Structure formats: structure tokens, C-alpha cells
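One file, final.cif, is given below (mmCIF, C-alpha atoms).
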```cif
data_coords
loop_
_atom_site.group_PDB
_atom_site.id
_atom_site.type_symbol
_atom_site.label_atom_id
_atom_site.label_comp_id
_atom_site.auth_asym_id
_atom_site.auth_seq_id
_atom_site.Cartn_x
_atom_site.Cartn_y
_atom_site.Cartn_z
ATOM 1 C CA MET A 1 51.667 54.081 94.065
ATOM 2 C CA THR A 2 54.840 52.418 92.836
ATOM 3 C CA ARG A 3 58.172 52.917 94.540
ATOM 4 C CA VAL A 4 59.502 54.927 91.618
ATOM 5 C CA ALA A 5 56.516 57.307 91.738
ATOM 6 C CA LEU A 6 56.847 57.645 95.517
ATOM 7 C CA VAL A 7 60.561 58.484 95.290
ATOM 8 C CA ALA A 8 59.874 60.967 92.470
ATOM 9 C CA ALA A 9 57.172 62.670 94.563
ATOM 10 C CA MET A 10 59.503 62.910 97.559
ATOM 11 C CA LEU A 11 62.294 64.409 95.446
ATOM 12 C CA ALA A 12 59.899 66.910 93.880
ATOM 13 C CA GLY A 13 58.755 68.010 97.355
ATOM 14 C CA ALA A 14 62.353 68.373 98.540
ATOM 15 C CA SER A 15 63.296 70.449 95.487
ATOM 16 C CA MET A 16 60.304 72.761 96.074
ATOM 17 C CA VAL A 17 61.457 73.383 99.663
ATOM 18 C CA SER A 18 65.025 74.134 98.563
ATOM 19 C CA ALA A 19 63.733 76.384 95.760
ATOM 20 C CA GLN A 20 61.974 78.577 98.364
ATOM 21 C CA ALA A 21 64.953 78.618 100.750
ATOM 22 C CA PRO A 22 67.424 81.479 100.329
ATOM 23 C CA ALA A 23 70.787 80.572 98.842
ATOM 24 C CA SER A 24 73.907 80.671 100.993
ATOM 25 C CA MET A 25 76.266 83.536 100.207
ATOM 26 C CA SER A 26 78.796 82.272 102.756
ATOM 27 C CA ALA A 27 79.438 78.813 101.267
ATOM 28 C CA ALA A 28 82.170 79.914 98.836
ATOM 29 C CA LYS A 29 83.744 82.223 101.422
ATOM 30 C CA VAL A 30 84.040 79.452 104.027
ATOM 31 C CA LYS A 31 85.668 77.224 101.444
ATOM 32 C CA GLU A 32 88.166 79.982 100.623
ATOM 33 C CA LEU A 33 88.870 80.652 104.319
ATOM 34 C CA THR A 34 89.439 76.952 104.989
ATOM 35 C CA ALA A 35 91.954 76.716 102.129
ATOM 36 C CA LEU A 36 93.723 79.886 103.283
ATOM 37 C CA MET A 37 93.995 78.675 106.882
ATOM 38 C CA LYS A 38 95.207 75.251 105.743
ATOM 39 C CA ALA A 39 97.901 76.919 103.631
ATOM 40 C CA LYS A 40 99.012 78.971 106.653
ATOM 41 C CA LYS A 41 98.789 75.895 108.910
ATOM 42 C CA LEU A 42 96.291 77.548 111.259
ATOM 43 C CA GLU A 43 93.343 76.049 113.091
ATOM 44 C CA ALA A 44 92.335 79.365 114.660
ATOM 45 C CA PHE A 45 92.823 83.050 113.975
ATOM 46 C CA ALA A 46 91.850 86.265 115.795
ATOM 47 C CA MET A 47 92.115 89.955 114.994
ATOM 48 C CA ARG A 48 90.863 93.393 115.949
ATOM 49 C CA GLU A 49 87.934 94.561 113.869
ATOM 50 C CA SER A 50 89.180 97.660 112.069
ATOM 51 C CA LEU A 51 86.120 99.855 112.570
ATOM 52 C CA PHE A 52 85.827 99.477 116.353
ATOM 53 C CA GLU A 53 88.460 99.911 119.042
ATOM 54 C CA ASN A 54 87.207 97.142 121.356
ATOM 55 C CA ARG A 55 85.639 94.723 118.845
ATOM 56 C CA PHE A 56 87.472 91.570 117.840
ATOM 57 C CA LEU A 57 86.865 88.730 115.388
ATOM 58 C CA ALA A 58 87.987 85.126 115.745
ATOM 59 C CA VAL A 59 87.500 81.898 113.805
ATOM 60 C CA MET A 60 88.251 78.236 114.397
ATOM 61 C CA VAL A 61 88.217 75.875 111.429
ATOM 62 C CA SER A 62 88.045 72.092 111.411
ATOM 63 C CA PRO A 63 87.820 71.258 107.680
ATOM 64 C CA ASP A 64 84.694 69.249 106.758
ATOM 65 C CA VAL A 65 83.636 69.237 110.425
ATOM 66 C CA GLN A 66 82.749 72.801 111.403
ATOM 67 C CA THR A 67 83.694 76.446 111.214
ATOM 68 C CA LEU A 68 83.150 78.573 114.300
ATOM 69 C CA ALA A 69 83.226 82.364 114.079
ATOM 70 C CA VAL A 70 82.660 85.121 116.597
ATOM 71 C CA SER A 71 82.625 88.909 116.647
ATOM 72 C CA ALA A 72 82.351 90.596 120.042
ATOM 73 C CA LEU A 73 83.097 93.743 121.986
ATOM 74 C CA TYR A 74 85.600 93.077 124.764
ATOM 75 C CA SER A 75 85.710 95.463 127.729
ATOM 76 C CA ARG A 76 89.394 94.777 128.470
ATOM 77 C CA PRO A 77 90.913 94.747 124.957
ATOM 78 C CA THR A 78 94.488 94.281 126.184
ATOM 79 C CA ASP A 79 93.583 90.688 127.132
ATOM 80 C CA ILE A 80 92.661 89.801 123.543
ATOM 81 C CA GLU A 81 95.561 91.847 122.161
ATOM 82 C CA TYR A 82 97.900 89.769 124.336
ATOM 83 C CA TRP A 83 96.560 86.476 122.915
ATOM 84 C CA ILE A 84 96.859 87.852 119.377
ATOM 85 C CA TYR A 85 100.425 89.039 120.042
ATOM 86 C CA GLN A 86 101.283 85.568 121.403
ATOM 87 C CA LYS A 87 99.554 84.026 118.350
ATOM 88 C CA ASP A 88 97.376 82.065 120.772
ATOM 89 C CA TYR A 89 94.324 82.579 118.612
ATOM 90 C CA ALA A 90 92.392 79.694 120.150
ATOM 91 C CA HIS A 91 92.554 81.361 123.564
ATOM 92 C CA ALA A 92 91.409 84.684 122.075
ATOM 93 C CA TYR A 93 88.532 82.819 120.412
ATOM 94 C CA GLY A 94 87.573 81.190 123.704
ATOM 95 C CA ASP A 95 87.533 84.511 125.558
ATOM 96 C CA LEU A 96 85.380 86.115 122.866
ATOM 97 C CA VAL A 97 82.892 83.233 122.837
ATOM 98 C CA SER A 98 82.490 82.626 126.556
ATOM 99 C CA GLY A 99 84.352 85.332 128.457
ATOM 100 C CA THR A 100 82.364 87.492 130.850
ATOM 101 C CA MET A 101 83.928 90.649 129.411
ATOM 102 C CA ALA A 102 82.644 89.927 125.897
ATOM 103 C CA THR A 103 79.371 91.571 124.902
ATOM 104 C CA GLU A 104 77.336 92.157 121.744
ATOM 105 C CA ARG A 105 78.371 88.789 120.340
ATOM 106 C CA PHE A 106 77.649 87.580 116.853
ATOM 107 C CA TYR A 107 78.446 83.878 116.994
ATOM 108 C CA VAL A 108 78.198 81.307 114.206
ATOM 109 C CA GLN A 109 78.386 77.532 114.503
ATOM 110 C CA ASP A 110 78.682 76.451 110.878
ATOM 111 C CA ILE A 111 78.246 72.695 111.100
ATOM 112 C CA LEU A 112 80.145 70.864 108.331
ATOM 113 C CA GLY A 113 82.011 74.122 107.507
ATOM 114 C CA ASP A 114 80.003 74.554 104.319
ATOM 115 C CA GLY A 115 78.582 78.028 104.898
ATOM 116 C CA LEU A 116 75.238 78.782 106.479
ATOM 117 C CA MET A 117 72.510 76.612 105.012
ATOM 118 C CA ALA A 118 68.877 77.737 105.153
ATOM 119 C CA VAL A 119 67.722 74.129 105.089
ATOM 120 C CA PRO A 120 70.021 71.563 106.742
ATOM 121 C CA VAL A 121 71.662 69.023 104.451
ATOM 122 C CA LYS A 122 70.842 66.291 106.972
ATOM 123 C CA PRO A 123 68.064 66.349 109.572
ATOM 124 C CA GLY A 124 69.429 67.258 112.989
ATOM 125 C CA VAL A 125 72.568 68.908 111.545
ATOM 126 C CA ALA A 126 71.558 72.570 111.536
ATOM 127 C CA ASP A 127 73.802 75.613 111.706
ATOM 128 C CA THR A 128 73.331 77.958 114.668
ATOM 129 C CA VAL A 129 73.658 81.736 114.860
ATOM 130 C CA THR A 130 73.561 83.945 117.959
ATOM 131 C CA MET A 131 72.713 87.585 117.231
ATOM 132 C CA GLY A 132 71.600 90.215 119.687
ATOM 133 C CA GLY A 133 71.651 87.661 122.497
ATOM 134 C CA ALA A 134 69.155 85.394 120.724
ATOM 135 C CA LYS A 135 70.217 81.959 119.533
ATOM 136 C CA GLN A 136 68.660 80.877 116.233
ATOM 137 C CA LEU A 137 68.795 77.293 115.000
ATOM 138 C CA LEU A 138 68.779 77.361 111.182
ATOM 139 C CA GLU A 139 66.595 74.308 110.718
ATOM 140 C CA GLY A 140 64.437 75.592 107.896
ATOM 141 C CA PHE A 141 61.083 77.317 107.798
ATOM 142 C CA ALA A 142 57.672 76.011 108.792
ATOM 143 C CA ASP A 143 55.742 73.890 106.338
ATOM 144 C CA PRO A 144 52.358 75.617 105.943
ATOM 145 C CA LYS A 145 50.773 72.228 105.262
ATOM 146 C CA LYS A 146 51.781 70.889 108.685
ATOM 147 C CA LYS A 147 49.499 72.009 111.472
ATOM 148 C CA ASN A 148 51.909 71.747 114.427
ATOM 149 C CA ASP A 149 55.152 72.860 112.778
ATOM 150 C CA LYS A 150 56.874 75.029 115.430
ATOM 151 C CA ARG A 151 59.410 76.602 113.062
ATOM 152 C CA MET A 152 59.146 80.192 111.741
ATOM 153 C CA ALA A 153 57.137 81.255 108.747
ATOM 154 C CA LEU A 154 59.037 81.541 105.458
ATOM 155 C CA ASP A 155 59.230 85.379 105.357
ATOM 156 C CA ALA A 156 60.479 85.795 108.945
ATOM 157 C CA TYR A 157 62.923 82.904 108.581
ATOM 158 C CA THR A 158 64.272 84.224 105.265
ATOM 159 C CA LYS A 159 64.957 87.644 106.832
ATOM 160 C CA ILE A 160 66.815 86.156 109.827
ATOM 161 C CA PHE A 161 68.791 83.769 107.626
ATOM 162 C CA SER A 162 69.712 86.466 105.084
ATOM 163 C CA ASP A 163 70.815 88.925 107.800
ATOM 164 C CA ALA A 164 72.941 86.251 109.514
ATOM 165 C CA ASP A 165 74.485 85.054 106.247
ATOM 166 C CA LYS A 166 75.346 88.624 105.219
ATOM 167 C CA LYS A 167 76.982 89.356 108.591
ATOM 168 C CA TYR A 168 78.849 86.017 108.475
ATOM 169 C CA CYS A 169 80.162 86.889 104.977
ATOM 170 C CA SER A 170 81.364 90.252 106.249
ATOM 171 C CA LEU A 171 83.186 88.584 109.154
ATOM 172 C CA LEU A 172 84.783 86.004 106.823
ATOM 173 C CA ASP A 173 85.870 88.716 104.370
ATOM 174 C CA ALA A 174 87.555 90.707 107.159
ATOM 175 C CA VAL A 175 89.400 87.640 108.457
ATOM 176 C CA MET A 176 90.543 86.589 104.976
ATOM 177 C CA THR A 177 91.781 90.108 104.202
ATOM 178 C CA GLU A 178 93.840 90.124 107.395
ATOM 179 C CA LEU A 179 95.158 86.600 106.790
ATOM 180 C CA LYS A 180 96.297 87.568 103.301
ATOM 181 C CA LYS A 181 98.167 90.575 104.740
ATOM 182 C CA SER A 182 99.861 88.747 107.615
ATOM 183 C CA SER A 183 102.962 86.777 106.774
ATOM 184 C CA GLY A 184 104.280 85.541 110.104
ATOM 185 C CA VAL A 185 101.888 82.966 111.525
ATOM 186 C CA ALA A 186 102.302 80.324 114.172
ATOM 187 C CA PRO A 187 102.583 76.735 112.993
ATOM 188 C CA ILE A 188 99.715 74.448 113.914
ATOM 189 C CA GLY A 189 101.613 72.986 116.868
ATOM 190 C CA ASP A 190 101.998 76.417 118.449
ATOM 191 C CA VAL A 191 98.264 77.107 118.517
ATOM 192 C CA ARG A 192 96.862 76.013 121.859
#
```
Here is the file; what I need is its structure written in the form of C-alpha cells.
Amino acid sequence: MTRVALVAAMLAGASMVSAQAPASMSAAKVKELTALMKAKKLEAFAMRESLFENRFLAVMVSPDVQTLAVSALYSRPTDIEYWIYQKDYAHAYGDLVSGTMATERFYVQDILGDGLMAVPVKPGVADTVTMGGAKQLLEGFADPKKKNDKRMALDAYTKIFSDADKKYCSLLDAVMTELKKSSGVAPIGDVR
């Protein structure tokens, strides 16, 4: 087989895998959020989720590096409200991600800040989602032709990915709506 034929076969196989993988709904939303936060000179932002008294949302954005997002119940809401009032959004984010009073977390590590990707752009650079206490590495679905592939089957993986992407989009929409409403924000140097 010539090199050209080998490369063509590899590209055809890669396009078949991406054709089966669900498309990312969050990619455009992350791009919009990144632009909005850049315009407001923010690296982090936190807010109360409107539907629940003790649930908060927070994001941290490093353009072209990663976007981190969390939604969690917090048993002592005045702590998070204090950080939001002080515009110390990074501290609020930290408490929601790793604080002992945070429960029912939905946590997204969007590597490269390009939205959740069903199949990683580069091997070893997969997005991660934690839902219901279970951490899911979004590294693609199992290849039925490979005998020892430990990843999930296509149907199960597609359901988990689609649910996570939908919830991530909802979180991003809520944050962007709040950012568009708020006028007074802390400059980047004031965010700790």
C-alpha cells in the first residue's frame, strides 16, 4: 500500500468515527462566554442559580487553555454570597468545586475551552464531566473492532455525552444571561 493510500484510509477511518460521535452544542456557547468575560475583564464569575435557593454556578475561563464550570448546592449559602458580594468569584468557584459544604455537583473541565467534545481533538486531551458523583472522561466510545477497548459502547456514551453537553449549555446560558445584566464588575486584578 502506498503512503497516499495509507493516509487516505486513516483519514476515512477518522471521519467515520467523528460522523458517529454526537456534535457539541456547547462549543459556540463557550466561545461566546469567553468573549463576554474578556470584554468584562473577568477570569472568573459566580452567581446564585435562580431556580434554587442554595444552588450556585461558577466559571473560570483561561482562553484557549480551558474553561471550568461548576453548579452545586451549598449548605451555608451566605459564604458564597459573601464571595459574590466581594466580587471574589475565584474563591466562590473554589468553594463550590472542593468545599465540604458543596453537594450535588455538576463539574465540567473543558480542556482547550472549545466546548465539550465527544471525541478528543488530540489523544490524551479529553474533557471531563462529574455528574451525580461519577467522574466521566469524555475520551470517545469503544471501537467495536477492538477486542480489549475499555471505553463505553456508542449508545451509552452518546447518552452520557448528550446529557452532559445539554446541562453544560444550560449552565453557560445562565451565566451569560447574568453577565449581560450585570454592569459593575471587578477588573481582572481584583479577582483573586
>> Would you compute the distance between CA of Leu33 (chain A) and CA of Lys87 (chain A)? Give it in Å to one decimal.
In response: 18.0 Å
>> Please expand the PyMOL selection byres ((chain A and resi 75) around 10) into the concrete residues it hits in this file, giving the result as a list in words.
In response: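 On the file shown, the PyMOL selection byres ((chain A and resi 75) around 10) covers Asn54, Arg55, Ala72, Leu73, Tyr74, Arg76, Pro77, Thr78, Asp79, Ile80, Thr100, Met101, Ala102 and Thr103 of chain A.
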>> Could you tell me how far CA of Lys40 (chain A) sits from CA of Val97 (chain A), in Å to one decimal place?
In response: 23.2 Å
>> Which residues, named as in the file, does the PyMOL selection byres ((chain A and resi 158) around 10) pick out? Answer as a PyMOL selection string.
In response: chain A and resi 20-23+118+140-141+152-157+159-164
Mind working out the centre and edge lengths of an axis-aligned box for region 158-161 of chain A, all listed atoms inside, 3 Å added to each side, rounded to one decimal in Å and written as AutoDock Vina command-line options?
```
--center_x 66.5 --center_y 85.7 --center_z 107.5 --size_x 10.5 --size_y 9.9 --size_z 10.6
```
> Which polymer residues, protein or nucleic acid, are no farther than 8 Å from (70.8, 74.0, 111.8), counting only C-alpha atoms, as a count of residues only?
Replying inline: 14
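Among the candidates A:Lys29, A:Lys147, A:Lys180, A:Lys38, the one nearest to Gly113 (chain A) when counting all atoms listed in the file is A:Lys29.
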Starting from the shown file, work through the PyMOL selection byres ((chain A and resi 91-95) around 8) and note down what comes out as a tab-separated table (two decimals) with C-alpha atoms, keeping the file's coordinate frame.
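Saved to result_17.tsv:
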```tsv
chain	number	residue	atom	x	y	z
A	44	ALA	CA	92.34	79.36	114.66
A	45	PHE	CA	92.82	83.05	113.98
A	46	ALA	CA	91.85	86.26	115.80
A	57	LEU	CA	86.86	88.73	115.39
A	58	ALA	CA	87.99	85.13	115.74
A	59	VAL	CA	87.50	81.90	113.80
A	60	MET	CA	88.25	78.24	114.40
A	70	VAL	CA	82.66	85.12	116.60
A	80	ILE	CA	92.66	89.80	123.54
A	83	TRP	CA	96.56	86.48	122.92
A	84	ILE	CA	96.86	87.85	119.38
A	88	ASP	CA	97.38	82.06	120.77
A	89	TYR	CA	94.32	82.58	118.61
A	90	ALA	CA	92.39	79.69	120.15
A	96	LEU	CA	85.38	86.12	122.87
A	97	VAL	CA	82.89	83.23	122.84
A	98	SER	CA	82.49	82.63	126.56
A	99	GLY	CA	84.35	85.33	128.46
A	100	THR	CA	82.36	87.49	130.85
A	102	ALA	CA	82.64	89.93	125.90
A	192	ARG	CA	96.86	76.01	121.86
```
When you look at Cys169 (chain A) with a cut-off of 6 Å (counting all atoms listed in the file), what residues show up, excluding the ones that are within fewer than 3 positions of it in the same chain? I need them as a tab-separated table (two decimals) with C-alpha atoms, in the frame of the given file.
```tsv
chain	number	residue	atom	x	y	z
A	26	SER	CA	78.80	82.27	102.76
A	166	LYS	CA	75.35	88.62	105.22
A	172	LEU	CA	84.78	86.00	106.82
```
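Interatomic distance, CA of Leu42 (chain A) against CA of Lys167 (chain A): 22.8 Å.
The residue that comes closest to Glu178 (chain A), out of A:Gln136, A:Arg48, A:Ser24, A:Ala35 and on the basis of only C-alpha atoms, is A:Arg48.
Nearest-residue note for Gln66 (chain A): choosing from A:Met37, A:Tyr82, A:Gly115, A:Met25, the minimum distance belongs to A:Gly115, counting all atoms listed in the file.
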